[in-house]
>>> print(open('data_12.csv').read())   # CSV, C-alpha atoms
chain,number,residue,atom,x,y,z
A,1,MET,CA,108.1,24.1,69.7
A,2,THR,CA,106.0,25.8,72.4
A,3,ARG,CA,102.8,24.3,73.9
A,4,TYR,CA,99.7,26.3,74.7
A,5,LEU,CA,96.6,25.5,76.7
A,6,ARG,CA,93.1,26.6,75.7
A,7,VAL,CA,89.9,25.9,77.8
A,8,VAL,CA,87.3,24.1,75.7
A,9,ARG,CA,84.2,22.1,76.3
A,10,GLN,CA,85.2,18.5,75.4
A,11,ARG,CA,81.8,17.5,73.9
A,12,ARG,CA,82.0,20.4,71.3
A,13,TRP,CA,85.1,18.6,69.9
A,14,ALA,CA,83.6,15.1,69.8
A,15,THR,CA,84.0,13.8,66.3
A,16,PHE,CA,83.7,10.6,64.2
A,17,PRO,CA,82.9,7.9,65.2
A,18,ASP,CA,81.5,9.2,68.4
A,19,ILE,CA,79.2,11.5,66.4
A,20,ASP,CA,78.0,9.5,63.4
A,21,TRP,CA,76.9,12.4,61.1
A,22,ILE,CA,80.5,13.8,61.0
A,23,ALA,CA,82.8,12.6,58.3
A,24,PRO,CA,86.2,11.4,59.4
A,25,GLY,CA,88.6,14.3,59.8
A,26,GLU,CA,85.8,16.9,60.2
A,27,THR,CA,85.0,18.9,63.4
A,28,GLN,CA,81.7,20.1,64.7
A,29,ALA,CA,80.9,23.7,63.8
A,30,ASP,CA,79.9,24.2,67.5
A,31,ALA,CA,83.7,23.8,68.3
A,32,LEU,CA,84.0,27.4,67.0
A,33,VAL,CA,82.1,28.5,70.2
A,34,ASP,CA,85.3,27.6,72.0
A,35,LEU,CA,87.3,29.9,69.7
A,36,GLN,CA,85.2,33.0,70.0
A,37,THR,CA,87.5,35.9,69.4
A,38,ARG,CA,87.4,39.4,70.8
A,39,ASP,CA,89.1,42.1,68.8
A,40,ASN,CA,90.4,39.3,66.6
A,41,ARG,CA,92.3,37.9,69.6
A,42,LEU,CA,92.1,34.6,71.4
A,43,SER,CA,93.4,34.0,74.9
A,44,VAL,CA,95.8,31.0,75.6
A,45,PHE,CA,98.3,30.1,78.3
A,46,ARG,CA,101.8,28.7,77.8
A,47,ALA,CA,101.9,25.1,79.0
A,48,ASP,CA,105.4,23.7,78.7
A,49,ASN,CA,105.3,21.4,81.7
A,50,ASP,CA,102.9,19.8,84.1
A,51,GLN,CA,103.6,22.3,86.8
A,52,ASP,CA,102.6,25.2,84.6
A,53,ILE,CA,99.5,23.4,83.4
A,54,GLN,CA,98.3,22.7,86.9
A,55,ARG,CA,98.9,26.4,87.9
A,56,VAL,CA,97.0,27.6,84.9
A,57,ILE,CA,94.1,25.2,85.4
A,58,VAL,CA,93.6,26.4,89.0
A,59,ALA,CA,93.9,30.0,88.0
A,60,LEU,CA,91.3,29.6,85.3
A,61,ALA,CA,89.0,27.6,87.6
A,62,ALA,CA,89.2,30.5,90.0
A,63,THR,CA,87.7,32.9,87.5
A,64,ARG,CA,84.4,31.1,87.5
A,65,ASP,CA,81.1,31.3,89.4
A,66,ASN,CA,81.0,27.7,90.5
A,67,VAL,CA,83.3,24.7,91.1
A,68,ALA,CA,83.0,22.6,88.0
A,69,ASN,CA,85.0,20.3,85.7
A,70,LEU,CA,87.5,22.0,83.5
A,71,ASP,CA,88.2,20.7,80.0
A,72,TYR,CA,91.2,21.9,78.1
A,73,ALA,CA,93.3,21.2,75.0
A,74,ILE,CA,97.1,21.4,74.7
A,75,PHE,CA,98.5,22.1,71.3
A,76,ASP,CA,101.9,23.1,69.9
A,77,ASP,CA,102.6,26.1,67.8
A,78,ASP,CA,104.8,24.6,65.0
A,79,GLU,CA,102.2,24.5,62.3
A,80,LEU,CA,100.5,27.7,63.5
A,81,VAL,CA,103.7,29.8,63.4
A,82,ALA,CA,104.6,28.3,60.0
A,83,GLN,CA,101.2,29.5,58.8
A,84,GLY,CA,101.7,33.0,60.0
A,85,ILE,CA,99.7,32.9,63.2
A,86,GLU,CA,101.0,35.5,65.7
A,87,ILE,CA,101.3,34.7,69.4
A,88,THR,CA,102.5,37.3,71.9
A,89,GLN,CA,102.7,37.5,75.7
A,90,SER,CA,100.2,39.7,77.6
A,91,LEU,CA,99.4,39.7,81.2
A,92,GLY,CA,96.4,37.4,82.1
A,93,GLN,CA,93.5,38.5,84.3
A,94,THR,CA,93.2,35.5,86.7
A,95,PRO,CA,93.6,35.7,90.5
A,96,ASP,CA,97.1,34.1,90.2
A,97,GLU,CA,99.9,36.5,89.1
A,98,THR,CA,102.2,33.6,88.3
A,99,ALA,CA,99.7,32.1,85.9
A,100,ASN,CA,99.0,35.5,84.5
A,101,ARG,CA,102.6,35.7,83.3
A,102,LEU,CA,102.0,32.5,81.3
A,103,HIS,CA,99.2,34.2,79.3
A,104,TYR,CA,99.4,34.9,75.6
A,105,ASP,CA,97.2,36.3,72.9
A,106,ILE,CA,96.9,34.8,69.5
A,107,HIS,CA,96.2,38.0,67.6
A,108,ASN,CA,95.4,39.4,64.2
A,109,LEU,CA,93.2,36.4,63.6
A,110,THR,CA,91.4,35.8,60.4
A,111,VAL,CA,88.8,33.3,59.5
A,112,ARG,CA,91.4,31.2,57.7
A,113,LYS,CA,93.6,31.3,60.8
A,114,ILE,CA,90.7,30.3,63.1
A,115,GLU,CA,90.1,27.4,60.8
A,116,LEU,CA,93.7,26.3,61.1
A,117,LEU,CA,93.6,26.7,64.8
A,118,ALA,CA,90.4,24.7,65.0
A,119,ARG,CA,92.0,21.9,63.0
A,120,THR,CA,95.0,22.0,65.3
A,121,ILE,CA,93.0,21.8,68.5
A,122,ALA,CA,90.7,19.1,67.1
A,123,VAL,CA,93.7,16.7,66.9
A,124,ALA,CA,95.3,18.0,70.1
A,125,ASP,CA,95.4,16.3,73.5
A,126,HIS,CA,92.0,17.0,75.3
A,127,THR,CA,91.9,16.5,79.0
A,128,ARG,CA,89.2,16.8,81.7
A,129,VAL,CA,89.9,17.7,85.3
A,130,HIS,CA,87.0,16.5,87.3
A,131,ARG,CA,85.0,18.7,89.7
A,132,ARG,CA,86.3,17.2,92.9
A,133,ASP,CA,89.9,17.6,91.8
A,134,ILE,CA,89.2,21.2,90.9
A,135,GLN,CA,87.7,21.8,94.3
A,136,ALA,CA,90.8,20.4,96.1
A,137,MET,CA,93.2,22.3,93.8
A,138,LEU,CA,91.3,25.6,94.4
A,139,SER,CA,91.3,25.0,98.2
A,140,ASP,CA,95.0,24.3,98.2
A,141,ALA,CA,95.8,27.3,96.1
A,142,LEU,CA,93.8,29.6,98.4
A,143,GLN,CA,95.5,28.2,101.4
A,144,SER,CA,99.0,28.5,99.9
A,145,GLY,CA,98.4,32.0,98.7
A,146,ASP,CA,98.8,31.2,95.0
A,147,LEU,CA,95.4,32.7,94.5
A,148,GLU,CA,94.5,36.1,95.7
A,149,ARG,CA,91.4,35.5,97.7
A,150,ASP,CA,89.9,39.0,97.1
A,151,ARG,CA,90.1,38.4,93.4
A,152,VAL,CA,88.0,35.2,93.5
A,153,SER,CA,84.3,35.7,93.2
A,154,PRO,CA,82.5,35.6,96.6
A,155,THR,CA,80.1,33.0,95.3
A,156,LEU,CA,83.0,30.7,94.3
A,157,SER,CA,85.0,31.4,97.4
A,158,THR,CA,82.1,30.3,99.7
A,159,ARG,CA,81.8,27.1,97.7
A,160,ILE,CA,85.5,26.1,98.0
A,161,ASN,CA,85.6,26.2,101.8
B,1,MET,CA,70.5,46.1,83.6
B,2,SER,CA,71.8,43.3,85.8
B,3,ALA,CA,71.9,39.7,84.6
B,4,ILE,CA,69.4,38.8,87.3
B,5,ALA,CA,67.0,41.4,86.1
B,6,THR,CA,67.0,39.8,82.6
B,7,THR,CA,66.1,36.3,84.0
B,8,PRO,CA,62.6,35.4,82.7
B,9,THR,CA,59.8,35.0,85.2
B,10,LEU,CA,56.7,32.9,85.2
B,11,GLU,CA,53.5,34.6,84.0
B,12,ARG,CA,51.7,34.4,87.4
B,13,ASP,CA,48.6,36.1,86.3
B,14,ALA,CA,48.0,34.2,83.1
B,15,PRO,CA,44.8,32.1,83.3
B,16,GLN,CA,46.4,28.7,82.7
B,17,SER,CA,47.2,25.8,84.8
B,18,LEU,CA,50.6,25.6,86.5
B,19,ASP,CA,51.7,22.9,84.1
B,20,ASP,CA,50.7,25.1,81.1
B,21,ARG,CA,52.6,28.1,82.5
B,22,LEU,CA,55.7,26.0,83.2
B,23,ALA,CA,55.6,24.5,79.7
B,24,ARG,CA,55.4,28.0,78.2
B,25,TYR,CA,58.1,29.3,80.5
B,26,PHE,CA,60.5,26.5,79.7
B,27,LYS,CA,59.9,26.7,76.0
B,28,ARG,CA,60.7,30.4,76.2
B,29,ILE,CA,63.9,30.1,78.3
B,30,VAL,CA,65.1,27.2,76.1
B,31,ARG,CA,64.5,29.3,73.0
B,32,ASP,CA,66.4,32.2,74.5
B,33,ALA,CA,69.2,29.9,75.6
B,34,GLU,CA,69.9,29.1,72.0
B,35,ASP,CA,71.5,32.6,71.8
B,36,GLU,CA,73.6,32.1,75.0
B,37,VAL,CA,77.2,30.8,75.1
B,38,PHE,CA,77.6,28.4,77.9
B,39,GLU,CA,80.9,27.8,79.8
B,40,ASP,CA,81.5,25.2,82.5
B,41,GLY,CA,81.3,26.7,85.9
B,42,MET,CA,79.6,29.9,84.8
B,43,GLU,CA,76.1,31.0,85.5
B,44,SER,CA,73.8,32.1,82.7
B,45,ASN,CA,70.3,33.6,82.3
B,46,PHE,CA,69.3,30.0,81.4
B,47,SER,CA,70.8,28.4,84.5
B,48,ARG,CA,69.3,31.1,86.8
B,49,GLY,CA,65.9,30.7,85.1
B,50,LEU,CA,66.0,26.9,85.4
B,51,ALA,CA,67.1,26.9,89.1
B,52,SER,CA,64.5,29.5,90.2
B,53,ALA,CA,61.6,27.5,88.6
B,54,ILE,CA,62.8,24.2,90.1
B,55,GLU,CA,63.2,25.8,93.5
B,56,GLU,CA,59.7,27.3,93.4
B,57,HIS,CA,57.8,24.5,91.7
B,58,GLY,CA,59.9,21.4,92.4
B,59,ASP,CA,58.9,18.2,90.5
B,60,ALA,CA,56.3,20.0,88.4
B,61,ALA,CA,59.0,22.1,86.9
B,62,LEU,CA,61.1,19.1,86.3
B,63,THR,CA,58.2,17.4,84.4
B,64,ALA,CA,57.9,20.5,82.3
B,65,ILE,CA,61.6,20.9,81.4
B,66,GLU,CA,61.8,17.1,80.7
B,67,ASP,CA,59.0,17.5,78.2
B,68,VAL,CA,60.8,20.4,76.5
B,69,ILE,CA,64.3,19.0,76.3
B,70,PHE,CA,63.5,15.5,75.3
B,71,THR,CA,61.2,16.4,72.4
B,72,GLY,CA,64.1,15.7,70.0
B,73,ASN,CA,63.9,19.2,68.5
B,74,THR,CA,65.8,21.0,71.2
B,75,ASN,CA,69.3,22.3,70.5
B,76,VAL,CA,71.8,19.7,71.9
B,77,GLU,CA,73.9,22.4,73.5
B,78,VAL,CA,70.9,23.5,75.5
B,79,VAL,CA,69.9,20.0,76.5
B,80,ALA,CA,73.4,19.3,77.6
B,81,GLU,CA,73.5,22.5,79.6
B,82,THR,CA,70.2,21.6,81.3
B,83,LEU,CA,71.5,18.3,82.3
B,84,THR,CA,74.7,19.7,83.9
B,85,GLN,CA,72.7,22.3,85.7
B,86,LEU,CA,70.2,19.7,87.0
B,87,GLY,CA,73.2,18.2,88.9
B,88,ALA,CA,74.3,21.6,90.2
B,89,ILE,CA,71.0,22.9,91.6
B,90,ASP,CA,70.9,22.9,95.4
B,91,ASN,CA,67.4,21.6,96.0
B,92,PRO,CA,67.2,18.5,98.1
B,93,SER,CA,63.5,17.9,97.6
B,94,THR,CA,64.0,17.3,93.9
B,95,HIS,CA,67.2,15.4,94.2
B,96,HIS,CA,65.8,11.9,93.3
B,97,ARG,CA,63.8,13.2,90.4
B,98,ARG,CA,66.8,15.1,89.0
B,99,LEU,CA,68.9,11.9,89.4
B,100,ALA,CA,66.3,9.9,87.6
B,101,ILE,CA,66.3,12.4,84.6
B,102,LEU,CA,70.1,12.3,84.5
B,103,THR,CA,70.4,8.5,84.6
B,104,SER,CA,67.8,8.3,81.9
B,105,ALA,CA,69.8,10.7,79.8
B,106,LEU,CA,72.8,8.3,80.0
B,107,GLU,CA,70.8,6.2,77.5
B,108,SER,CA,70.8,9.0,74.9
B,109,GLN,CA,72.0,8.1,71.4
B,110,ASP,CA,74.0,11.4,71.4
B,111,VAL,CA,77.4,11.2,73.1
B,112,ARG,CA,77.2,15.0,74.0
B,113,ILE,CA,74.1,14.4,76.0
B,114,ARG,CA,75.5,11.3,77.7
B,115,ASP,CA,78.6,13.4,78.6
B,116,ALA,CA,76.5,16.1,80.1
B,117,ALA,CA,74.4,13.6,82.1
B,118,SER,CA,77.5,12.1,83.6
B,119,LEU,CA,78.7,15.5,84.6
B,120,GLY,CA,75.4,16.2,86.2
B,121,ILE,CA,75.6,12.9,88.1
B,122,GLU,CA,79.2,13.8,89.2
B,123,THR,CA,78.0,17.0,90.7
B,124,LEU,CA,75.0,15.3,92.5
B,125,GLU,CA,77.5,13.1,94.2
B,126,ASP,CA,75.0,10.3,94.9
B,127,GLU,CA,76.4,6.8,95.0
B,128,SER,CA,73.0,5.3,94.2
B,129,ALA,CA,73.8,6.3,90.6
B,130,ILE,CA,76.7,3.8,90.4
B,131,PRO,CA,74.7,0.9,88.9
B,132,ALA,CA,73.3,3.2,86.2
B,133,MET,CA,76.7,4.6,85.5
B,134,GLU,CA,78.2,1.1,85.3
B,135,ALA,CA,75.5,0.0,82.9
B,136,ALA,CA,76.3,3.1,80.8
B,137,LEU,CA,80.0,2.3,80.9
B,138,HIS,CA,79.3,-1.3,79.7
B,139,ARG,CA,77.4,-0.1,76.6
B,140,GLU,CA,79.4,3.1,75.9
B,141,PRO,CA,81.0,2.9,72.4
B,142,SER,CA,83.2,6.1,72.8
B,143,VAL,CA,86.7,5.6,74.2
B,144,LYS,CA,86.8,9.1,75.6
B,145,MET,CA,83.4,8.8,77.1
B,146,ARG,CA,84.4,5.5,78.8
B,147,ASP,CA,87.3,7.3,80.4
B,148,ASN,CA,85.0,10.1,81.7
B,149,LEU,CA,82.4,7.6,83.0
B,150,THR,CA,85.1,5.6,84.8
B,151,ALA,CA,86.4,8.7,86.5
B,152,VAL,CA,82.9,9.7,87.7
B,153,ILE,CA,82.2,6.1,88.9
B,154,ASN,CA,85.5,6.1,90.9
B,155,GLN,CA,84.6,9.4,92.4
B,156,LEU,CA,81.1,8.2,93.4
B,157,ARG,CA,82.7,5.1,95.0
B,158,ALA,CA,84.9,7.3,97.2
B,159,PRO,CA,82.6,9.9,98.7
B,160,ALA,CA,84.2,13.2,99.8
>>> encode(input="data_12.csv", output="structure tokens")
Amino acid sequence: MTRYLRVVRQRRWATFPDIDWIAPGETQADALVDLQTRDNRLSVFRADNDQDIQRVIVALAATRDNVANLDYAIFDDDELVAQGIEITQSLGQTPDETANRLHYDIHNLTVRKIELLARTIAVADHTRVHRRDIQAMLSDALQSGDLERDRVSPTLSTRIN
Amino acid sequence: MSAIATTPTLERDAPQSLDDRLARYFKRIVRDAEDEVFEDGMESNFSRGLASAIEEHGDAALTAIEDVIFTGNTNVEVVAETLTQLGAIDNPSTHHRRLAILTSALESQDVRIRDAASLGIETLEDESAIPAMEAALHREPSVKMRDNLTAVINQLRAPA
């Protein structure tokens, strides 16, 4: 079993009973916004341990315009692989080269496979890292050199320090 | 064309009152926002349009956006984005009004709107929001949302 991380917006995955018009076991259609494909691919990061998860979170936060909370889901690939979903490694595009090596593409996606992925993520572990923690993590990563400062947007960079 | 260049602007020459112009402006950017995909921490045409109107027109702009987003017909995703952005805008003169809108939104029937309001309050970093947040926590039915509210309350109690 391999675990992967995908950034989501937690409220798009709110379900019954928190949202009363959704039947038990159903997921909001707006959750698909978090699974928007490009060239039938979806970007994920391998997340086998807490150290990798933290590294990826900081790397992803560093690709943004502003310091903000970061919501993510962690899911395993057992059911996905069994259903023919293909996941291959490809270099990520964050300002952290170590995190970039944890990047994978789920590719050759079809509507059926996206539905399966949505069902998997809907029941996965969803976590929120709050803004102040993101700020501290970004600051530490810039100081330690984990993040390449010149690859962080100037707007974000000024807001971290 | 740059993203900034596509940000809507107020119709300054139109022969209406400022309130009318702001109402029309916000209706337009809210309608346009329904076609945008929002991501946490990322600017959008909508966030830039909202921020520029508030910076220029202060509380009058907030009255107008409040009227638009709380009509009950506005897309929940756009209402939520508005609330998170109200916390992020750097405009001290409207701080109290923005906080009032956010604490009011904590009473929404919709968990997605309550969540966005708590994120806005988190970004405002104003400990005077603690009583409203504690009241929201007390009545909150969602387990996940209670965890999120608790985290924000703890953060407000320990200023940076």
>>> interface_residues(input="data_12.csv", of="chain A", to="chain B", cutoff="12 Å", atoms="all atoms listed in the file", output="VMD selection string")
chain A and resid 7 to 21 28 30 to 36 60 to 72 125 to 136 153 155 to 156 159
>>> closest_residue(input="data_12.csv", among="B:Ala117, B:Ile29, B:Ala158, B:Ala23", to="Thr103 (chain B)", atoms="only C-alpha atoms")
B:Ala117
>>> residues_around(input="data_12.csv", residues="Leu149 (chain B)", least_positions_apart="5", cutoff="8 Å", atoms="all atoms listed in the file", output="list of chain:residue names")
B:Ser118, B:Met133, B:Ala136, B:Leu137
>>> residues_around(input="data_12.csv", residues="Val68 (chain B)", least_positions_apart="6", cutoff="8 Å", atoms="only C-alpha atoms", output="number ranges by chain")
B: 23, 26-27, 74
>>> closest_residue(input="data_12.csv", among="A:Met137, A:Ser43, A:Asp150, A:Leu117", to="Glu79 (chain A)", atoms="only C-alpha atoms")
A:Leu117
>>> atom_distance(input="data_12.csv", atom1="CA of Ala124 (chain A)", atom2="CA of Leu5 (chain A)")
10.1 Å
>>> atom_distance(input="data_12.csv", atom1="CA of Ile87 (chain A)", atom2="CA of Thr120 (chain A)")
14.8 Å
>>> atom_distance(input="data_12.csv", atom1="CA of Ala129 (chain B)", atom2="CA of Ala105 (chain B)")
12.3 Å
>>> closest_residue(input="data_12.csv", among="B:His57, B:Arg48, B:Arg157, B:Arg98", to="Arg21 (chain B)", atoms="all atoms listed in the file")
B:His57
>>> residues_around(input="data_12.csv", residues="Leu62 (chain B)", least_positions_apart="4", cutoff="10 Å", atoms="only C-alpha atoms", output="list in words")
Leu22, Phe26, Leu50, Ala53, Ile54, His57, Gly58, Glu66, Asp67, Val68, Leu86, Thr94, Arg97, Arg98 and Ile101 of chain B
>>> residues_around(input="data_12.csv", residues="Lys113 (chain A)", least_positions_apart="2", cutoff="9 Å", atoms="all atoms listed in the file", output="ChimeraX atom specification")
/A:80,83-85,108-111,115-118
>>> residues_around(input="data_12.csv", residues="His107 (chain A)", least_positions_apart="2", cutoff="7 Å", atoms="all atoms listed in the file", output="mmCIF file with C-alpha atoms, keeping the file's coordinate frame")
data_model
loop_
_atom_site.group_PDB
_atom_site.id
_atom_site.type_symbol
_atom_site.label_atom_id
_atom_site.label_comp_id
_atom_site.auth_asym_id
_atom_site.auth_seq_id
_atom_site.Cartn_x
_atom_site.Cartn_y
_atom_site.Cartn_z
ATOM 1 C CA ASN A 40 90.400 39.300 66.600
ATOM 2 C CA ARG A 41 92.300 37.900 69.600
ATOM 3 C CA LEU A 42 92.100 34.600 71.400
ATOM 4 C CA GLU A 86 101.000 35.500 65.700
ATOM 5 C CA ILE A 87 101.300 34.700 69.400
ATOM 6 C CA ASP A 105 97.200 36.300 72.900
ATOM 7 C CA LEU A 109 93.200 36.400 63.600
#
>>> closest_residue(input="data_12.csv", among="B:Asn73, B:Ser108, B:Ser52, B:Ser128", to="Tyr25 (chain B)", atoms="only C-alpha atoms")
B:Ser52
>>> closest_residue(input="data_12.csv", among="B:Ile121, B:Asn154, B:Ser104, B:Leu18", to="Glu56 (chain B)", atoms="only C-alpha atoms")
B:Leu18
